Structure formats: C-alpha cells, structure tokens
Amino acid sequence: MAEDTVIEILRNALQTEEEFAPSDETRLDEISNLDSMARVRMVLEIERVLDDRLSMEEIIGIETVGHIRALLAAKGKLRVEG
Amino acid sequence: METLIHHLLEIARNHPDRIALRCGTESVSYEEFRARIFTTAAHLRVLGVEEGDRVLICGGNTLAIPVLYFAVHALGAVAVPVAPDTPESVLATLASDSEARLAVVEKPASGMPCPVVSPKTVTAIAGKHEIEPICQPDAIADLLYTTGTTGRKKGVVLTQANVLAAARNITEFIGNGPDDVEVVPLPLSHSFGLGRLRCMAVAGNTLILEPGVGTGATVVKRILDARATGLAVVPAGFDIIRRMTGDSLGQAREHLRYIEIGSAPMKPETRRWLTDLLPQTRICHHYGLTEASRAAFTEYHSDTHKSGTAGRAAPNVEIVVCDENGRRLPTGETGEVVVRGGMVMQEYWKQPELTGKAFCAEGLKTGDIGYVDADGYLFLLGRRSDLINVGGRKVAPDEIEDLLCQMEGVHGAGCVGEPDELLGECVKAYLVADREIPRSEVVAFLRTRVEEWKIPQVIERIDSIPRTNSGKIQRHMLRSAKEVAWISGR
C-alpha cells in the first residue's frame with residue numbers, strides 16, 4: 001500500500017522506517033524524537049513536496065499532523081493511496 | 001556583592017516589579033523570582049540538600065530550571081545542569097559520578113543512585129518558608145559535564161567566584177543592561193545558555209526563554225513581537241533561521257541592540273548575511289570552553305579588518321600561546337592557546353591527574369592551536385582533539401565507535417565530522433562489517449544509548465579502519481579512504 005504523503009513526510013523527518021500512524025489531532029510535540037532538527041527536516045520535506053518555500057507564518061502554524069495535511073491539501077499536493 | 005545570588009537579591013530589592021523571566025505565556029518579576037528561589041531552596045533543604053551537596057538538574061527551558069539553579073546556589077549547594085535529552089543510562093552515570101544528593105528531572109528516570117523529584121513538584125511550593133542565602137565566593141557553584149576526547153565526560157568545577165567573573169566579563173564586553181529584553185533559545189544546561197542566565201543576574205535584564213531554535217520561525221516571531229533588544233544563538237541556529245525565514249530577522253534591526261554567538265565557528269557567508277541584515281546590532285562572537293567561559297570576543301562590525309579572528313581576550317582575561325612544554329611563545333608564533341582569568345575552572349571533578357595536565361604555569365591549556373598577532377587578535381588554526389562539533393555540541397568519536405562495535409556484524413568503526421549545511425558538522429561513521437547494515441538499524445541501536453544529535457547522519461562501509469602501529473585510529477585518513485558499497489544518507 002502506497003503511503004499517505006503526510007506520513008511519508010514525518011517518517012523522512014524522523015529518519016525512521018518504523019510503522020507510524022499518528023492521527024490528525026496528534027500534536028507535533030507529542031511525537032517522540034521529533035526534535036528541533038527533525039522539525040527542520042519536516043519543513044524541508046514539506047517544501048520538497050510542495051516544490052515551494054513555506055512562509056514564516058505557515059511554519060509557525062504547523063502544530064499538529066492535521067495542519068500538515070491541511071497545508072498540503074490547500075496547495076493541491078495531498079496524496080492518499082489505498 | 002560577591003555571588004550571583006547576592007546580585008539577584010539586590011536587583012529584586014531595588015526593582016521588584018521588573019520582569020526577570022518570560023517563558024511562553026508565563027512571566028515572573030524579580031521579586032517573584034526571588035521568592036520562588038528561596039521557597040524552593042527551603043523545600044530542597046527539607047528534601048535533605050545541604051551545603052556542598054550536588055543537585056542534578058535535568059529539564060528543558062521552563063521557568064522551573066532557573067529557579068532551581070539559583071535555589072541550589074542559595075543553599076551553598078552545587079548545581080549539576082544536564083541536558084534534557086540525556087539518555088537514562090547516562091543520567092544515572094552522571095548522578096553517580098557527581099555523587100548527587102538529589103536529582104530534579106523532568107522526565108521519568110529509572111536506575112538512579114539518588115532520590116528523584118520533578119522540577120514542577122519541587123518549585124511549586126507556596127508559602128513563606130524562605131531561607132537566607134549561605135553561599136560564599138569560594139564555594140563550588142556548578143559542576144558542568146563536558147565531552148572528553150575519550151568519550152568519558154569530564155566534570156568541570158566552577159566556584160561562585162568563577163561564574164560571577166564570567167558573567168561580569170561577558171556583560172562588560174557585550175554591554176547589555178537592565179533595560180534589555182533578550183531571547184534565549186539555548187539549553188540552560190550548556191555553558192552558553194547558562195552563561196546568559198548568569199549575565200541576567202548581573203545586568204538585571206529580562207530573559208525570554210525559548211525551548212530551542214527549532215525551525216527558527218517561532219524565535220524570529222518572538223524577537224519581533226517582544227521588540228527584543230538581545231539574542232543568543234549558535235551559528236547553526238542562524239543558518240536555520242536564514243534557510244527557514246529568509247531575511248525576516250532584518251525586521252528587528254531597529255530594536256535588536258546585541259547578539260551573542262558561540263560554541264562553534266560561523267560560516268563566512270552567514271556572517272556576511274548577518275552583518276548586512278543588522279548593520280546597527282552589536283554582533284559578539286565568543287571563543288571559549290566550559291573550562292574557561294568566553295575567553296575571547298570578536299565583534300563582527302568592528303573587526304572586519306581581522307578576517308578569520310576568534311577575537312581579542314575578553315575583559316579581565318589574558319590569552320597567550322605556549323609551546324609543548326608550556327613555555328610562552330612570542331607574538332605571532334603558533335602554539336597551544338592558554339587562558340588565564342577569574343572565570344577559569346578550579347579543576348576536573350575527581351580527576352586530579354587530568355586537572356594537572358590541563359594547566360601549565362601560564363594558565364589553562366585549551367587544546368586549541370593558534371597564534372596571537374601584534375594587535376592582540378587570536379587566530380585559531382585547529383583542534384588538538386578529534387571532537388566533532390554538531391551545531392555547537394561536541395561529540396567524541398570514540399564514544400560512538402565503541403557503541404557501533406557492539407552491533408552484530410560490525411567489526412570496526414571510525415567516526416569523523418562531515419560538513420553539514422545547517423549544523424556545520426554532522427557525524428559520519430565508517431563501518432567494517434560482514435553484512436549490509438541499513439542506517440535505520442544503526443539509528444534504532446544508538447537511539448536508546450546516546451543523544452539524538454550524536455547519531456551518525458552518514459554511514460559508509462569500508463574494508464578496514466586505518467590505524468597507527470599502536471592501534472590509534474587515523475581519522476585524517478578516513479576522510480580520504482576508498483569506500484565500498486553504500487552511502488545511507490539524510
């Protein structure tokens with residue numbers, strides 16, 4: 001099964017291949033090992049998917065997994081394959 | 001006023017309503033800060049902490065940590081600040097080595113050799129069970145663990161006089177004062193961040209604590225919203241801020257009076273970006289060690305004629321260069337950088353032999369190679385040790401190598417620094433192995449044993465680790481050795 005884009009972004013940020021399925025309500029500060037550098041990697045991954053830079057306000061606004069999903073959806077870049 | 005605590009008392013007496021600390025939505029005035037410190041000290045005493053006892057403090061940048069730090073001092077006890085991401089096993093080792101009477105730890109900690117309480121519990125006591133401070137200038141104030149070249153941490157012993165001298169020297173050079181509002185996204189467990197807290201006790205300004213630089217966006221927003229006049233960040237933090245927020249920090253140029261930078265060198269292009277962005281801001285980059293805090297300073301706008309310098313000796317500090325026998329060398333000659341001043345440590349905790357090797361007649365030997373020019377500017381040419389500098393935090397290759405060799409199928413390991421766009425350096429590991437080992441397996445193995453930032457970002461397989469006849473790894477050869485198989489990267 002191909003992976004949800006948001007989960008792929010987070011796994012790349014965390015540099016893990018472990019199974020991982022946070023809900024949209026999960027806050028980023030609740031995700032184990034998502035430290036400062038992992039958050040930077042997360043933003044870089046989001047920008048890679050968007051092929052565009054995020055603004056400072058957009059970066060600050062990412063507090064939950066759902067926020068990432070909403071951001072990608074708003075820019076037409078959300079993929080969920082079954 | 002002979003100690004930091006006495007300085008704080010004076011400020012609280014004269015300016016009780018001035019804001020001392022802000023963290024998130026919370027803020028405390030100097031009088032509230034004083035009250036919390038002394039009621040916490042009373043509680044620590046009830047828990048059995050006495051003069052001279054070591055108290056391990058492990059937590060992130062919350063209001064509780066500065067309260068605890070000064071509460072321990074107020075009792076004449078010794079603060080042992082430890083990074084919040086320290087693995088449990090290492091925490092237990094440090095508590096054991098320091099013979100801690102008590103550990104105040106934010107996260108669950110098992111296997112500890114002393115009682116453990118949470119920062120919130122010990123600082124939450126209301127009431128008026130205050131005490132009078134009993135610390136003296138020659139009493140030990142802090143025991144700061146720093147990374148040794150063999151991987152074993154060294155406990156740096158600093159007296160009340162040492163930490164006060166450091167704070168005075170730094171404040172004198174930077175010029176921060178009581179009206180300043182400073183953003184500090186640095187861990188208070190490390191010499192750099194802790195130094196800003198100590199400077200607050202001397203200058204009487206306001207500190208805004210942030211949990212870290214993170215993506216840089218929150219820090220920049222905080223600086224702008226608070227109209228901050230000061231900022232303290234490591235060089236990697238500025239690379240992150242620049243990459244993530246562009247030139248947004250430039251909006252602070254009207255109110256940002258000073259920046260302190262330290263713990264690692266700054267990339268020339270980042271330095272140029274910062275000086276162009278903030279033409280009126282005093283940008284002070286220090287050179288120093290945990291053993292000798294802020295030994296030298298350069299100010300970016302003033303020292304443009306001395307490209308590459310680490311600066312001149314800080315106020316009340318002397319820097320000389322010595323040969324391998326500890327004899328002072330003439331100006332301009334290259335040798336080991338030696339530092340003398342009131343902020344220099346007393347000793348390494350329970351390591352008299354190491355302490356003896358650390359000093360010569362001229363002062364503390366830094367382990368750095370360099371020279372001082374005719375104008376008194378220090379130029380660094382290299383490190384004696386193989387320490388890897390990951391965004392200001394030091395990694396001893398031996399520590400990671402020893403752990404990697406415990407992995408199944410790994411017969412040898414060598415670690416070096418690899419240039420990193422954001423962190424300056426990251427850890428690269430060469431493995432001699434009888435099978436392919438994916439990076440994910442290395443990460444999973446190391447994650448419970450070391451801090452996250454010590455985990456190698458790059459792994460390469462190699463036929464053999466180059467060594468001298470005596471078995472010492474020749475790391476300079478690792479950087480040019482032929483690789484086999486794969487690179488598992490970021």
# chains A, B, ... in the order shown; residues from 1 in each chain; ligands from 1
>>> closest_atom_pairs(of="chain A", to="chain B", cutoff="7 Å", atoms="only C-alpha atoms", output="CSV")
residue,atom,partner,partner_atom,distance
A:Thr16,CA,B:Ser440,CA,6.1
A:Glu17,CA,B:Ser440,CA,6.7
A:Ser36,CA,B:Gly214,CA,4.2
A:Met37,CA,B:Gly214,CA,6.8
A:Arg39,CA,B:Thr215,CA,6.4
A:Val40,CA,B:Thr215,CA,5.2
A:Ser55,CA,B:Thr245,CA,7.0
A:Met56,CA,B:Ala217,CA,5.4
A:Ile59,CA,B:Ala217,CA,6.6
A:Ile60,CA,B:Thr218,CA,6.0
>>> write_last_selection(atoms="N, CA and C atoms", output="mmCIF file, in the first residue's frame")
data_model
loop_
_atom_site.group_PDB
_atom_site.id
_atom_site.type_symbol
_atom_site.label_atom_id
_atom_site.label_comp_id
_atom_site.auth_asym_id
_atom_site.auth_seq_id
_atom_site.Cartn_x
_atom_site.Cartn_y
_atom_site.Cartn_z
ATOM 1 N N THR A 16 13.076 7.362 10.047
ATOM 2 C CA THR A 16 12.713 6.055 10.562
ATOM 3 C C THR A 16 11.962 5.263 9.505
ATOM 4 N N GLU A 17 12.064 3.942 9.602
ATOM 5 C CA GLU A 17 11.267 3.096 8.722
ATOM 6 C C GLU A 17 10.217 2.347 9.528
ATOM 7 N N SER A 36 14.294 19.439 17.373
ATOM 8 C CA SER A 36 14.483 20.629 16.532
ATOM 9 C C SER A 36 14.926 20.276 15.126
ATOM 10 N N MET A 37 15.923 19.415 15.017
ATOM 11 C CA MET A 37 16.439 19.100 13.679
ATOM 12 C C MET A 37 15.427 18.309 12.868
ATOM 13 N N ARG A 39 12.259 18.682 13.062
ATOM 14 C CA ARG A 39 11.267 19.670 12.598
ATOM 15 C C ARG A 39 11.783 20.432 11.384
ATOM 16 N N VAL A 40 13.079 20.724 11.404
ATOM 17 C CA VAL A 40 13.662 21.383 10.234
ATOM 18 C C VAL A 40 13.543 20.450 9.027
ATOM 19 N N SER A 55 6.076 30.089 4.169
ATOM 20 C CA SER A 55 6.296 31.374 4.830
ATOM 21 C C SER A 55 6.517 31.126 6.315
ATOM 22 N N MET A 56 7.009 32.155 7.004
ATOM 23 C CA MET A 56 7.247 32.036 8.444
ATOM 24 C C MET A 56 5.928 31.697 9.157
ATOM 25 N N ILE A 59 4.972 28.082 8.689
ATOM 26 C CA ILE A 59 5.810 27.197 9.521
ATOM 27 C C ILE A 59 5.313 27.225 10.969
ATOM 28 N N ILE A 60 5.065 28.417 11.485
ATOM 29 C CA ILE A 60 4.599 28.535 12.876
ATOM 30 C C ILE A 60 3.242 27.856 13.040
#
>>> residues_around(residues="Leu56 in chain B", least_positions_apart="5", cutoff="10 Å", atoms="only C-alpha atoms", output="number ranges by chain")
B: 68-69, 72, 78-82, 91, 94-95, 98-105, 114, 116, 143
>>> closest_residue(among="A:Ile9, A:Leu78, A:Ala70, A:Ile31", to="Arg48 in chain A", atoms="only C-alpha atoms")
A:Ile9
>>> closest_residue(among="B:Asp239, B:Asp303, B:Glu132, B:Glu26", to="His6 in chain B", atoms="only C-alpha atoms")
B:Glu132
>>> closest_residue(among="B:Pro279, B:Gly48, B:Pro456, B:Gly342", to="Glu254 in chain B", atoms="only C-alpha atoms")
B:Pro279
>>> atom_distance(atom1="CA of His7 in chain B", atom2="CA of Gly52 in chain B")
20.6 Å
>>> closest_residue(among="A:Ala21, A:Lys75, A:Arg69, A:Thr64", to="Asp51 in chain A", atoms="only C-alpha atoms")
A:Lys75
>>> residues_around(residues="Cys426 in chain B", least_positions_apart="2", cutoff="6 Å", atoms="only C-alpha atoms", output="PyMOL selection string")
chain B and resi 390+417-418+420
>>> residues_around(residues="Leu231 in chain B", least_positions_apart="3", cutoff="6 Å", atoms="only C-alpha atoms", output="NGL selection string")
:B and (182-183 or 259)
>>> atom_distance(atom1="CA of Ala167 in chain B", atom2="CA of Arg198 in chain B")
5.8 Å
>>> residues_around(residues="Leu14 in chain A", least_positions_apart="6", cutoff="10 Å", atoms="only C-alpha atoms", output="PyMOL selection string")
chain A and resi 8+31-35+37-39+41-42
>>> select_by_dssp(residues="range 215-390 of chain B", states="alpha helix (DSSP H)", output="ChimeraX atom specification")
/B:217-226,235-245,268-277,352-358
